[in-house]
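Student: Got structure_27.cif for you, mmCIF, C-alpha atoms and all ligand atoms:
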```cif
data_structure
#
loop_
_atom_site.label_atom_id
_atom_site.label_comp_id
_atom_site.auth_asym_id
_atom_site.auth_seq_id
_atom_site.Cartn_x
_atom_site.Cartn_y
_atom_site.Cartn_z
CA MET A 22 -1.69 -25.26 31.77
CA SER A 23 -3.51 -25.77 28.48
CA ARG A 24 -5.43 -22.52 28.89
CA LEU A 25 -2.17 -20.66 28.40
CA GLN A 26 -1.84 -22.11 24.91
CA PRO A 27 -3.39 -20.23 22.00
CA VAL A 28 -6.64 -21.78 20.77
CA ARG A 29 -6.11 -24.56 18.21
CA GLY A 30 -5.63 -23.09 14.75
CA THR A 31 -4.69 -19.64 16.08
CA ARG A 32 -1.18 -18.40 16.57
CA ASP A 33 0.99 -15.60 17.82
CA ILE A 34 3.01 -13.92 15.13
CA LEU A 35 6.28 -12.46 16.36
CA GLY A 36 9.96 -12.04 15.62
CA ASP A 37 11.03 -12.80 12.07
CA GLU A 38 7.54 -14.00 11.21
CA ALA A 39 6.08 -10.67 12.26
CA ARG A 40 8.65 -8.84 10.15
CA ARG A 41 7.72 -10.96 7.15
CA PHE A 42 4.03 -10.39 7.82
CA GLY A 43 4.61 -6.63 8.11
CA HIS A 44 6.61 -6.58 4.90
CA VAL A 45 3.79 -8.28 2.99
CA VAL A 46 1.24 -5.81 4.36
CA ASP A 47 3.48 -2.79 3.71
CA SER A 48 4.13 -3.86 0.13
CA PHE A 49 0.41 -4.39 -0.42
CA ARG A 50 -0.62 -1.03 1.01
CA ARG A 51 2.00 0.86 -0.95
CA LEU A 52 0.98 -0.81 -4.19
CA ALA A 53 -2.75 -0.45 -3.50
CA ASP A 54 -2.16 3.26 -3.18
CA VAL A 55 -0.15 3.37 -6.41
CA TYR A 56 -2.93 1.51 -8.21
CA ALA A 57 -5.38 4.10 -6.85
CA PHE A 58 -7.32 1.84 -4.51
CA GLU A 59 -8.93 3.37 -1.40
CA GLU A 60 -8.39 1.62 1.88
CA ILE A 61 -11.47 0.12 3.53
CA ILE A 62 -11.63 -1.30 7.04
CA THR A 63 -14.74 -3.35 7.71
CA PRO A 64 -15.83 -5.03 10.97
CA VAL A 65 -14.53 -8.52 11.75
CA PHE A 66 -18.07 -9.68 12.47
CA GLU A 67 -21.27 -9.22 10.50
CA PHE A 68 -24.81 -10.53 10.63
CA THR A 69 -24.63 -14.20 9.68
CA ASP A 70 -26.93 -13.56 6.72
CA VAL A 71 -24.30 -11.39 5.04
CA PHE A 72 -22.29 -14.56 4.47
CA ARG A 73 -24.95 -17.25 4.43
CA ARG A 74 -27.00 -15.61 1.70
CA THR A 75 -24.08 -14.71 -0.53
CA LEU A 76 -21.48 -17.47 -0.23
CA GLY A 77 -24.11 -20.10 -0.93
CA GLU A 78 -25.93 -22.38 1.51
CA THR A 79 -23.95 -25.36 0.26
CA SER A 80 -20.47 -23.84 0.10
CA ASP A 81 -17.83 -25.41 2.35
CA VAL A 82 -17.38 -22.12 4.11
CA VAL A 83 -21.04 -21.83 5.08
CA THR A 84 -21.72 -25.48 5.85
CA LYS A 85 -18.55 -26.31 7.79
CA GLU A 86 -16.23 -23.42 8.41
CA MET A 87 -18.05 -20.42 9.86
CA TYR A 88 -17.62 -19.20 13.41
CA SER A 89 -21.19 -18.15 14.16
CA PHE A 90 -22.68 -17.23 17.49
CA GLU A 91 -25.65 -15.56 19.05
CA ASP A 92 -24.76 -12.39 20.93
CA ARG A 93 -26.35 -11.20 24.17
CA SER A 94 -29.22 -9.55 22.36
CA GLY A 95 -29.98 -12.66 20.34
CA GLU A 96 -28.48 -11.50 17.02
CA MET A 97 -26.91 -14.23 14.88
CA LEU A 98 -23.40 -13.03 14.08
CA THR A 99 -20.44 -14.54 12.23
CA LEU A 100 -16.72 -13.81 12.39
CA ARG A 101 -15.93 -12.97 8.78
CA PRO A 102 -14.61 -15.96 6.82
CA GLU A 103 -13.75 -13.75 3.84
CA TYR A 104 -13.65 -10.11 2.86
CA THR A 105 -15.81 -9.69 -0.23
CA ALA A 106 -19.26 -10.08 1.30
CA GLY A 107 -18.46 -7.52 4.01
CA ILE A 108 -17.15 -5.05 1.44
CA ALA A 109 -20.26 -5.51 -0.69
CA ARG A 110 -22.35 -4.96 2.43
CA ALA A 111 -20.33 -1.80 3.20
CA TRP A 112 -20.80 -0.56 -0.36
CA LEU A 113 -24.56 -0.82 0.15
CA SER A 114 -24.62 0.50 3.74
CA ASN A 115 -22.60 3.59 2.81
CA GLY A 116 -24.46 4.40 -0.39
CA LEU A 117 -21.27 4.10 -2.43
CA ALA A 118 -23.35 3.31 -5.50
CA GLN A 119 -23.79 7.05 -6.03
CA GLN A 120 -20.06 7.43 -6.62
CA GLY A 121 -20.03 4.97 -9.50
CA THR A 122 -16.91 2.85 -9.46
CA ALA A 123 -15.14 1.98 -6.23
CA LYS A 124 -11.66 0.50 -5.97
CA LEU A 125 -11.30 -0.78 -2.44
CA ALA A 126 -8.45 -2.54 -0.64
CA GLY A 127 -8.06 -3.83 2.88
CA PHE A 128 -6.42 -6.48 5.01
CA GLY A 129 -7.09 -8.18 8.30
CA PRO A 130 -8.01 -11.39 10.11
CA MET A 131 -10.43 -14.01 8.76
CA PHE A 132 -11.89 -16.96 10.64
CA ARG A 133 -12.64 -20.44 9.35
CA TYR A 134 -13.12 -23.64 11.28
CA GLU A 135 -10.73 -25.82 9.28
CA ARG A 136 -8.28 -28.60 10.08
CA PRO A 137 -5.14 -26.71 11.07
CA GLN A 138 -1.90 -27.52 9.25
CA LYS A 139 1.01 -25.64 7.75
CA GLY A 140 -0.44 -22.66 5.90
CA ARG A 141 -3.97 -23.37 7.11
CA TYR A 142 -5.25 -21.83 10.30
CA ARG A 143 -8.55 -21.00 11.98
CA GLN A 144 -7.62 -17.38 12.33
CA PHE A 145 -5.58 -16.24 9.35
CA HIS A 146 -5.10 -12.97 7.54
CA GLN A 147 -5.90 -11.79 4.07
CA LEU A 148 -5.05 -8.96 1.74
CA ASP A 149 -8.03 -8.03 -0.36
CA ALA A 150 -8.67 -5.85 -3.41
CA GLU A 151 -12.03 -5.24 -5.06
CA ILE A 152 -13.34 -3.18 -7.97
CA ILE A 153 -17.07 -2.61 -7.78
CA GLY A 154 -19.17 -1.10 -10.54
CA VAL A 155 -17.14 -2.03 -13.63
CA ALA A 156 -18.77 -4.59 -15.92
CA GLU A 157 -15.93 -4.64 -18.45
CA PRO A 158 -12.91 -6.97 -18.42
CA THR A 159 -10.62 -3.95 -17.87
CA ALA A 160 -11.24 -4.29 -14.13
CA ASP A 161 -10.32 -7.99 -14.17
CA ILE A 162 -7.09 -7.20 -16.00
CA GLU A 163 -6.18 -4.38 -13.66
CA LEU A 164 -6.69 -6.60 -10.61
CA ILE A 165 -4.54 -9.35 -12.08
CA ALA A 166 -1.87 -6.75 -12.93
CA PHE A 167 -1.95 -5.50 -9.33
CA ALA A 168 -1.69 -9.04 -7.96
CA TRP A 169 1.18 -9.91 -10.26
CA GLN A 170 3.14 -6.77 -9.42
CA LEU A 171 2.66 -7.43 -5.71
CA LEU A 172 3.93 -11.00 -6.07
CA ALA A 173 6.87 -9.75 -8.16
CA ASP A 174 7.69 -7.05 -5.56
CA LEU A 175 7.72 -9.77 -2.91
CA GLY A 176 10.21 -11.76 -4.98
CA LEU A 177 7.69 -14.49 -5.81
CA ALA A 178 7.32 -14.08 -9.57
CA ASP A 179 9.27 -17.29 -10.20
CA SER A 180 7.57 -19.36 -7.52
CA VAL A 181 3.91 -18.87 -8.45
CA THR A 182 1.86 -19.66 -11.54
CA LEU A 183 -1.28 -17.86 -12.62
CA HIS A 184 -4.16 -20.21 -13.35
CA LEU A 185 -6.95 -18.57 -15.27
CA ASN A 186 -10.43 -19.73 -16.20
CA THR A 187 -13.87 -18.43 -16.98
CA LEU A 188 -17.08 -19.62 -15.40
CA GLY A 189 -19.10 -17.84 -18.09
CA ASP A 190 -22.13 -15.64 -17.63
CA PRO A 191 -25.21 -17.05 -15.85
CA GLU A 192 -26.68 -18.39 -19.10
CA SER A 193 -23.53 -20.34 -20.01
CA ARG A 194 -23.16 -21.51 -16.48
CA GLN A 195 -26.71 -22.85 -16.44
CA ALA A 196 -26.15 -24.81 -19.63
CA TYR A 197 -22.91 -26.23 -18.28
CA ARG A 198 -24.53 -27.07 -14.99
CA THR A 199 -27.14 -29.20 -16.72
CA ALA A 200 -24.40 -31.07 -18.59
CA LEU A 201 -22.47 -31.67 -15.37
CA VAL A 202 -25.52 -32.97 -13.52
CA ASP A 203 -26.13 -35.43 -16.36
CA TYR A 204 -22.52 -36.62 -16.33
CA PHE A 205 -22.07 -36.96 -12.58
CA SER A 206 -25.52 -38.52 -12.12
CA ALA A 207 -24.37 -41.32 -14.39
CA HIS A 208 -21.42 -41.88 -12.00
CA ARG A 209 -23.32 -41.22 -8.81
CA ASP A 210 -22.03 -44.32 -7.04
CA LYS A 211 -18.41 -43.26 -7.49
CA LEU A 212 -18.88 -39.78 -6.02
CA SER A 213 -17.86 -38.88 -2.47
CA ASP A 214 -20.69 -38.17 -0.01
CA ASP A 215 -19.90 -34.46 -0.15
CA SER A 216 -20.05 -34.40 -3.91
CA ARG A 217 -23.27 -36.41 -4.04
CA ALA A 218 -24.79 -33.66 -1.88
CA ARG A 219 -23.33 -31.01 -4.20
CA LEU A 220 -24.81 -32.73 -7.25
CA GLU A 221 -28.25 -31.18 -6.86
CA LYS A 222 -27.29 -27.85 -5.34
CA ASN A 223 -24.04 -26.85 -6.98
CA PRO A 224 -22.45 -29.44 -9.25
CA LEU A 225 -19.74 -26.99 -10.34
CA ARG A 226 -18.17 -27.36 -6.96
CA ILE A 227 -17.47 -31.03 -7.61
CA LEU A 228 -14.76 -29.79 -9.99
CA ASP A 229 -13.06 -28.23 -6.97
CA SER A 230 -13.21 -31.43 -4.89
CA LYS A 231 -10.03 -32.72 -3.28
CA ASP A 232 -11.40 -36.27 -2.97
CA PRO A 233 -9.33 -38.68 -5.13
CA GLY A 234 -12.43 -40.63 -6.25
CA ASP A 235 -14.10 -37.43 -7.42
CA ARG A 236 -10.94 -36.24 -9.09
CA ALA A 237 -10.70 -39.46 -11.09
CA LEU A 238 -14.04 -38.59 -12.70
CA LEU A 239 -12.95 -35.12 -13.77
CA GLY A 240 -10.90 -36.13 -16.81
CA GLU A 241 -13.97 -37.25 -18.74
CA ALA A 242 -16.29 -34.59 -17.34
CA PRO A 243 -17.78 -32.03 -19.74
CA LYS A 244 -15.67 -28.90 -20.16
CA LEU A 245 -17.19 -25.48 -19.72
CA ASP A 246 -15.53 -24.20 -22.90
CA ALA A 247 -18.06 -26.09 -24.99
CA TYR A 248 -20.97 -24.34 -23.25
CA LEU A 249 -19.79 -20.74 -23.33
CA ASN A 250 -21.97 -18.31 -25.27
CA ALA A 251 -20.42 -15.61 -27.46
CA ARG A 252 -20.58 -12.95 -24.77
CA SER A 253 -18.72 -15.13 -22.27
CA ARG A 254 -16.13 -16.15 -24.84
CA ASP A 255 -15.47 -12.52 -25.81
CA PHE A 256 -15.15 -11.50 -22.20
CA TYR A 257 -12.61 -14.20 -21.49
CA ALA A 258 -10.67 -13.42 -24.67
CA ALA A 259 -10.38 -9.79 -23.57
CA VAL A 260 -9.05 -10.80 -20.13
CA ARG A 261 -6.50 -13.12 -21.70
CA GLY A 262 -5.52 -10.43 -24.18
CA GLY A 263 -4.81 -7.97 -21.37
CA VAL A 264 -2.85 -10.50 -19.35
CA GLU A 265 -0.80 -11.41 -22.41
CA ALA A 266 -0.17 -7.74 -23.26
CA LEU A 267 1.27 -7.32 -19.78
CA GLY A 268 3.53 -10.32 -20.30
CA ILE A 269 2.12 -12.17 -17.28
CA PRO A 270 2.66 -15.92 -17.77
CA TYR A 271 -0.48 -18.01 -17.13
CA ILE A 272 -2.12 -21.29 -17.87
CA HIS A 273 -5.74 -21.80 -18.85
CA ASP A 274 -7.08 -24.16 -16.20
CA PRO A 275 -10.54 -25.50 -17.06
CA HIS A 276 -10.90 -27.12 -13.61
CA LEU A 277 -10.44 -23.90 -11.68
CA VAL A 278 -13.83 -23.05 -10.22
CA ARG A 279 -13.30 -21.30 -6.88
CA GLY A 280 -15.34 -22.37 -3.89
CA LEU A 281 -18.03 -19.73 -3.61
CA ASP A 282 -21.41 -19.37 -5.29
CA TYR A 283 -21.21 -15.80 -6.41
CA TYR A 284 -18.56 -16.04 -9.14
CA THR A 285 -19.20 -15.38 -12.85
CA HIS A 286 -16.81 -14.99 -15.78
CA THR A 287 -13.20 -14.66 -14.63
CA ALA A 288 -11.72 -16.97 -12.00
CA PHE A 289 -8.00 -16.97 -11.21
CA GLU A 290 -5.52 -18.25 -8.69
CA PHE A 291 -1.80 -17.82 -8.18
CA ILE A 292 -0.51 -21.22 -7.14
CA THR A 293 2.83 -22.43 -5.79
CA ASP A 294 4.06 -25.96 -5.31
CA ALA A 295 6.18 -24.92 -2.33
CA LEU A 296 3.40 -25.16 0.28
CA GLY A 297 2.02 -28.66 -0.29
CA ALA A 298 -1.76 -28.81 -0.38
CA GLN A 299 -1.91 -25.17 0.70
CA GLY A 300 -0.67 -24.05 -2.70
CA THR A 301 -3.04 -21.22 -3.50
CA VAL A 302 -1.57 -17.96 -2.29
CA LEU A 303 -3.97 -15.58 -4.03
CA GLY A 304 -7.34 -16.17 -5.60
CA GLY A 305 -10.14 -14.15 -7.04
CA GLY A 306 -12.68 -13.58 -9.72
CA ARG A 307 -15.75 -11.75 -10.88
CA TYR A 308 -18.96 -11.71 -8.83
CA ASP A 309 -21.52 -9.84 -10.89
CA GLY A 310 -24.45 -11.40 -9.03
CA LEU A 311 -23.34 -10.74 -5.47
CA ILE A 312 -24.66 -7.26 -4.78
CA ALA A 313 -28.08 -7.99 -6.26
CA GLN A 314 -28.19 -11.18 -4.19
CA MET A 315 -27.65 -9.00 -1.14
CA GLY A 316 -30.62 -6.84 -2.02
CA GLY A 317 -28.86 -4.01 -3.89
CA ALA A 318 -29.31 -2.91 -7.50
CA PRO A 319 -27.50 -5.29 -9.85
CA THR A 320 -23.86 -4.16 -9.72
CA PRO A 321 -20.84 -5.91 -11.20
CA GLY A 322 -17.75 -6.58 -9.13
CA VAL A 323 -14.41 -8.34 -9.29
CA GLY A 324 -11.72 -8.89 -6.69
CA TRP A 325 -9.08 -11.09 -5.13
CA ALA A 326 -7.82 -12.14 -1.73
CA ALA A 327 -4.41 -13.43 -0.70
CA GLY A 328 -3.31 -15.30 2.42
CA ILE A 329 -0.77 -13.17 4.27
CA GLU A 330 0.72 -16.12 6.21
CA ARG A 331 1.26 -18.11 3.01
CA LEU A 332 2.92 -15.14 1.29
CA ALA A 333 5.07 -14.46 4.36
CA MET A 334 6.27 -18.09 4.44
CA LEU A 335 7.16 -17.96 0.76
CA LEU A 336 9.29 -14.80 0.90
CA PRO A 337 12.71 -15.75 -0.43
CA GLU A 338 14.45 -13.95 2.44
CA SER A 339 13.74 -12.10 5.65
CA PRO A 340 12.98 -8.44 5.10
CA ALA A 341 15.91 -6.11 5.79
CA VAL A 342 15.74 -4.03 8.95
CA ALA A 343 17.45 -0.66 9.39
CA PRO A 344 20.66 -0.74 11.48
CA LEU A 345 20.02 -0.28 15.19
CA SER A 346 21.90 2.23 17.34
CA ILE A 347 21.91 2.16 21.13
CA LEU A 348 22.40 5.33 23.13
CA MET A 349 24.22 4.70 26.42
CA PRO A 350 23.92 7.61 28.87
CA LEU A 351 26.67 7.31 31.47
CA GLY A 352 25.68 8.96 34.76
CA GLU A 353 22.76 10.93 36.13
CA ALA A 354 24.12 14.24 34.93
CA VAL A 355 23.66 13.39 31.25
CA ALA A 356 20.09 12.04 31.51
CA ALA A 357 18.27 15.18 30.38
CA ARG A 358 20.50 15.63 27.34
CA ALA A 359 20.16 11.91 26.54
CA TRP A 360 16.37 12.29 26.33
CA THR A 361 16.50 15.26 23.98
CA LEU A 362 19.24 13.73 21.83
CA ALA A 363 17.24 10.49 21.49
CA ARG A 364 14.13 12.48 20.62
CA ASP A 365 15.97 14.41 17.89
CA LEU A 366 17.66 11.36 16.40
CA ARG A 367 14.38 9.46 16.31
CA ALA A 368 12.59 12.45 14.78
CA ALA A 369 15.22 12.33 12.04
CA GLY A 370 14.40 8.65 11.45
CA VAL A 371 17.36 7.00 13.19
CA ARG A 372 16.41 3.58 14.58
CA LEU A 373 17.50 4.01 18.18
CA ASP A 374 17.09 2.45 21.59
CA ILE A 375 18.42 3.70 24.93
CA ASP A 376 20.15 1.46 27.44
CA TRP A 377 20.26 3.12 30.84
CA LYS A 378 21.39 0.26 33.05
CA GLY A 379 24.61 -1.39 34.18
CA ASN A 380 28.27 -0.69 33.57
CA LEU A 381 29.52 0.07 30.09
CA LYS A 382 30.84 -3.43 29.46
CA LYS A 383 27.47 -4.98 30.26
CA ARG A 384 25.68 -2.54 28.02
CA LEU A 385 28.06 -3.16 25.13
CA ASN A 386 27.58 -6.90 25.45
CA ARG A 387 23.84 -6.55 25.54
CA ALA A 388 23.89 -4.36 22.44
CA ALA A 389 26.06 -6.85 20.56
CA ARG A 390 23.70 -9.68 21.52
CA ARG A 391 20.79 -7.74 20.05
CA GLY A 392 22.66 -7.31 16.81
CA ALA A 393 22.91 -3.53 17.20
CA ARG A 394 25.25 -1.73 14.81
CA PHE A 395 26.44 1.27 16.82
CA ALA A 396 26.70 2.38 20.43
CA LEU A 397 26.45 6.09 21.21
CA LEU A 398 28.29 6.77 24.45
CA LEU A 399 27.28 9.92 26.29
CA GLY A 400 29.27 10.71 29.45
CA GLU A 401 30.04 13.97 31.18
CA ASP A 402 33.15 14.56 29.01
CA GLU A 403 31.11 14.18 25.83
CA LEU A 404 28.33 16.33 27.25
CA ALA A 405 30.76 19.16 27.87
CA LYS A 406 31.80 19.04 24.19
CA ASP A 407 28.27 18.56 22.85
CA ALA A 408 29.44 15.30 21.30
CA VAL A 409 29.06 11.54 21.69
CA THR A 410 31.53 8.71 21.30
CA LEU A 411 30.35 6.65 18.35
CA ARG A 412 31.40 3.03 18.67
CA ASP A 413 31.25 0.38 15.99
CA LEU A 414 29.96 -2.75 17.76
CA GLU A 415 31.46 -5.06 15.21
CA SER A 416 35.04 -3.75 15.04
CA GLY A 417 35.21 -1.97 18.39
CA ALA A 418 36.55 1.16 16.65
CA GLN A 419 35.30 4.43 18.06
CA ARG A 420 35.61 8.17 17.65
CA GLU A 421 34.02 11.35 18.85
CA VAL A 422 31.24 12.88 16.73
CA PRO A 423 29.58 16.27 17.40
CA MET A 424 25.90 15.77 18.22
CA ALA A 425 24.95 18.09 15.38
CA ALA A 426 26.69 15.79 12.88
CA LEU A 427 25.29 12.51 14.22
CA VAL A 428 22.32 11.99 11.92
CA GLU A 429 24.44 12.55 8.84
CA GLU A 430 27.15 10.29 10.23
CA LEU A 431 24.74 7.43 11.03
CA GLU A 432 23.03 7.67 7.68
CA SER A 433 26.14 7.80 5.54
CA HIS A 434 28.40 5.23 7.19
CA ASP A 435 27.89 1.63 8.05
CA ARG A 436 31.08 1.51 10.07
CA VAL A 437 33.06 3.85 12.30
P1 LIG A 501 -7.94 -23.34 0.01
O1 LIG A 501 -8.28 -24.03 -1.28
O2 LIG A 501 -6.48 -23.38 0.33
O3 LIG A 501 -8.82 -23.74 1.14
P2 LIG A 501 -9.71 -21.16 -0.50
O4 LIG A 501 -10.13 -21.32 -1.91
O5 LIG A 501 -10.61 -21.60 0.58
O6 LIG A 501 -8.26 -21.79 -0.27
P3 LIG A 501 -10.04 -18.31 -0.59
O7 LIG A 501 -11.36 -18.33 0.06
O8 LIG A 501 -9.97 -18.04 -2.04
O9 LIG A 501 -9.27 -19.66 -0.25
O10 LIG A 501 -9.06 -17.31 0.18
C1 LIG A 501 -8.01 -16.63 -0.49
C2 LIG A 501 -6.67 -16.99 0.11
O11 LIG A 501 -6.69 -16.95 1.53
C3 LIG A 501 -6.20 -18.38 -0.21
O12 LIG A 501 -5.64 -18.41 -1.47
C4 LIG A 501 -5.17 -18.62 0.88
O13 LIG A 501 -3.93 -18.02 0.55
C5 LIG A 501 -5.77 -17.91 2.04
N1 LIG A 501 -6.45 -18.84 2.95
C6 LIG A 501 -7.68 -19.39 2.81
N2 LIG A 501 -7.99 -20.15 3.86
C7 LIG A 501 -6.92 -20.11 4.71
C8 LIG A 501 -6.62 -20.68 5.99
N3 LIG A 501 -7.49 -21.45 6.63
N4 LIG A 501 -5.41 -20.40 6.56
C9 LIG A 501 -4.51 -19.61 5.92
N5 LIG A 501 -4.74 -19.03 4.72
C10 LIG A 501 -5.93 -19.27 4.12
MG MG A 502 -10.76 -23.30 1.84
#
```
Could you write out this file's structure as structure tokens?
Ligand code: ATP
Ligand code: MG
Tutor:
Amino acid sequence: MSRLQPVRGTRDILGDEARRFGHVVDSFRRLADVYAFEEIITPVFEFTDVFRRTLGETSDVVTKEMYSFEDRSGEMLTLRPEYTAGIARAWLSNGLAQQGTAKLAGFGPMFRYERPQKGRYRQFHQLDAEIIGVAEPTADIELIAFAWQLLADLGLADSVTLHLNTLGDPESRQAYRTALVDYFSAHRDKLSDDSRARLEKNPLRILDSKDPGDRALLGEAPKLDAYLNARSRDFYAAVRGGVEALGIPYIHDPHLVRGLDYYTHTAFEFITDALGAQGTVLGGGRYDGLIAQMGGAPTPGVGWAAGIERLAMLLPESPAVAPLSILMPLGEAVAARAWTLARDLRAAGVRLDIDWKGNLKKRLNRAARRGARFALLLGEDELAKDAVTLRDLESGAQREVPMAALVEELESHDRV
């Protein structure tokens, strides 16, 4: 029955994939804390305007990808397609401006109506880090440092490349925009329909086009570098200087523009060639105009987002799991002690399950099938001695261990 399938573009994450997913999230949260970011959890839906007004009326996300609906009271709502606009909204709603700078990090599901394929889903998950209220390139450098350390912790330093560019300040961008409109207008007939529509509203986005015809025009297109004013050039030089000081390898990529309207100055992406067309694992940049566009006082901001599924797929190996022990209470008479022993072992951090059912042979087989490391046999004999029989499920070796010594024993030995 098709209704028992998940909706196209959505998926259940379980087993090894869930462990990989969890490992990515755990690594991110630990590092976010170390980098002194505060966690922020924003709603998965917002008023549609939060996205429509900030991402740009002509962005792909707004024109084609948003899940928008009217709720029962007639409000137009949208399932968030990205994190930044919601965080900026939260910054305003909660009066965070009073606190000056905010370093905020979060993760969760995003929703975009896209053509599903490997690494591209309609519900996917992002990690997100933002620094709001810092106009200087120090914030850009710190975010890139955070991203790089995360990727390195995940074992991906050798499989991704940092692409870095600047979009300049609004003045430089305006000058460049005019040059682009002139150039592409002269080649109007060769542009894709999408890009012809972009020509008037946001010609920069043509640089981001995946259409082969459009891409063929890019080689000769004007380069932003020539239109940067001194302020924009200095800003970019400072970002590059910081990245170089940290020894983070990167390439200057003049075609990197990022898909959304609100970016200024720094734009960056970490790209891999291991995921086909879905090569960008982490992307971000500066959005100095966003908060003002939302109706707040002009406030600078910079941030990045990373696709959790793409990172999880790229992990060089499955995350390690702690060895599993299975407690096997043998007979009614030991049940009460089995519960308290399990409670105490678990409180001490031992990864433990209890198997109550069937004869011993069945239970041992089941435990082996699950890949458990040890069986803890508790019968009436053991109970009388306040001990368990500790059995190595790989070798079959076993010996008696006093209950009081069990935690130590399980932590310090990987065999019996
Ligand atoms: P792409 O060019 O692949 O469409 P994007 O520029 O739209 O990416 P961003 O909006 O910058 O992506 O989102 C940041 C990250 O979120 C991406 O680098 C990617 O890892 C992930 N991501 C974006 N869209 C999807 C999706 N539909 N499914 C899975 N991951 C996604
Ligand atoms: Mg996209």
Student: Can you sort out the box for ligand LIG 501 (chain A), edges along x, y and z, all listed atoms in, 4 Å on every side, with centre and edge lengths in Å to one decimal, as AutoDock Vina command-line options?
Tutor:
```
--center_x -7.6 --center_y -20.3 --center_z 2.3 --size_x 15.4 --size_y 15.4 --size_z 16.7
```
Student: List the spatial neighbours of Phe167 of chain A as a PyMOL selection string - criterion: any atom at most 9 Å away, all atoms listed in the file, same-chain residues fewer than 4 positions off excluded.
Tutor: chain A and resi 52-53+56+150+162-163+171-172
Student: Please dump the current selection as a PDB file, in the frame of the given file; keep C-alpha atoms.
Tutor:
```pdb
ATOM      1  CA  LEU A  52       0.980  -0.810  -4.190  1.00  0.00           C
ATOM      2  CA  ALA A  53      -2.750  -0.450  -3.500  1.00  0.00           C
ATOM      3  CA  TYR A  56      -2.930   1.510  -8.210  1.00  0.00           C
ATOM      4  CA  ALA A 150      -8.670  -5.850  -3.410  1.00  0.00           C
ATOM      5  CA  ILE A 162      -7.090  -7.200 -16.000  1.00  0.00           C
ATOM      6  CA  GLU A 163      -6.180  -4.380 -13.660  1.00  0.00           C
ATOM      7  CA  LEU A 171       2.660  -7.430  -5.710  1.00  0.00           C
ATOM      8  CA  LEU A 172       3.930 -11.000  -6.070  1.00  0.00           C
TER       9      LEU A 172
END
```
Student: Could you tell me how far atom CA of Ala327 of chain A sits from atom CA of Phe58 of chain A, in Å to one decimal place?
Tutor: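 Going from atom CA of Phe58 of chain A over to atom CA of Ala327 of chain A covers 16.0 Å.
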Student: I'd like to know which of A:Gly417, A:Gly304, A:Gly127, A:Pro224 is closest to Ala168 of chain A, using only C-alpha atoms.
Tutor: A:Gly304
Student: Find the residues around segment 342-346 of chain A up to 7 Å (all atoms listed in the file counted), leave out those fewer than 6 positions away in its own chain, and share them as a ChimeraX atom specification.
Tutor: /A:372-374,393-396
Student: By how many Å are atom CA of Gly322 of chain A and atom CA of Val155 of chain A apart?
Tutor: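 The value is 6.4 Å.
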Student: In Å to one decimal, how far is atom CA of Thr199 of chain A from atom O8 of ligand LIG 501 (chain A)?
Tutor: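 Atom-to-atom, atom O8 of ligand LIG 501 (chain A) and atom CA of Thr199 of chain A are spaced 25.2 Å apart.
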Student: Per residue of chain A within 6 Å of ligand LIG 501 (chain A), note the shortest atom pair and the distance in Å to one decimal, counting only C-alpha atoms and all ligand atoms, and order the rows by chain and increasing residue number, as a tab-separated table.
Tutor:
```
residue	atom	partner	partner_atom	distance
A:Arg133	CA	A:LIG501	N3	5.9
A:Gly140	CA	A:LIG501	C9	5.1
A:Arg141	CA	A:LIG501	N4	3.3
A:Tyr142	CA	A:LIG501	N4	4.0
A:Arg143	CA	A:LIG501	N3	5.5
A:Phe145	CA	A:LIG501	C9	4.9
A:Gln147	CA	A:LIG501	O11	5.8
A:Arg279	CA	A:LIG501	O4	5.9
A:Gly280	CA	A:LIG501	O4	5.7
A:Gln299	CA	A:LIG501	O2	4.9
A:Thr301	CA	A:LIG501	O12	4.3
A:Val302	CA	A:LIG501	O13	3.7
A:Leu303	CA	A:LIG501	O12	4.2
A:Gly304	CA	A:LIG501	O8	4.8
A:Ala326	CA	A:LIG501	C1	4.7
A:Ala327	CA	A:LIG501	C2	4.3
A:Gly328	CA	A:LIG501	O13	3.4
A:Arg331	CA	A:LIG501	O13	5.7
```
Student: So which residues touch segment 255-258 of chain A within 8 Å, counting only C-alpha atoms, skipping near sequence neighbours fewer than 3 positions away, as a list in words?
Tutor: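 So the residues in contact are Glu157, Pro158, Asn186, Thr187, Ala251, Arg252, Arg261, Gly262, His286 and Thr287 of chain A.
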Student: Which residue out of A:Thr84, A:Glu59, A:Arg41, A:Pro64 has the minimum interatomic distance to ligand MG 502 (chain A) when all atoms listed in the file are used?
Tutor: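 Ranking A:Thr84, A:Glu59, A:Arg41, A:Pro64 by distance to ligand MG 502 (chain A), first place goes to A:Thr84.
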Student: Give the answer as one residue: which of A:Ala106, A:Leu177, A:Leu228, A:Ala298 has the shortest atom-to-atom distance to ligand MG 502 (chain A), using all atoms listed in the file?
Tutor: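 That would be A:Ala298, the residue with the smallest distance to ligand MG 502 (chain A).
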Student: Residues proximal to (-5.6, -10.9, 5.8) were defined as those with any atom within 7 Å of that point in the file's coordinates, counting all atoms listed in the file. Which are they, as a PyMOL selection string?
Tutor: chain A and resi 128-131+145-148+328-329
Student: Using all atoms listed in the file for the distances, tell me which of A:Lys244, A:Lys85, A:Arg73, A:Arg194 is nearest to ligand MG 502 (chain A).
Tutor: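 Of A:Lys244, A:Lys85, A:Arg73, A:Arg194, the one nearest ligand MG 502 (chain A), counting all atoms listed in the file, is A:Lys85.
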Student: Which residues are near Gly400 of chain A? Cut-off 12 Å, all atoms listed in the file, ignore same chain within fewer than 4 positions. Put them as a ChimeraX atom specification.
Tutor: /A:348-359,377,381,404-411,421
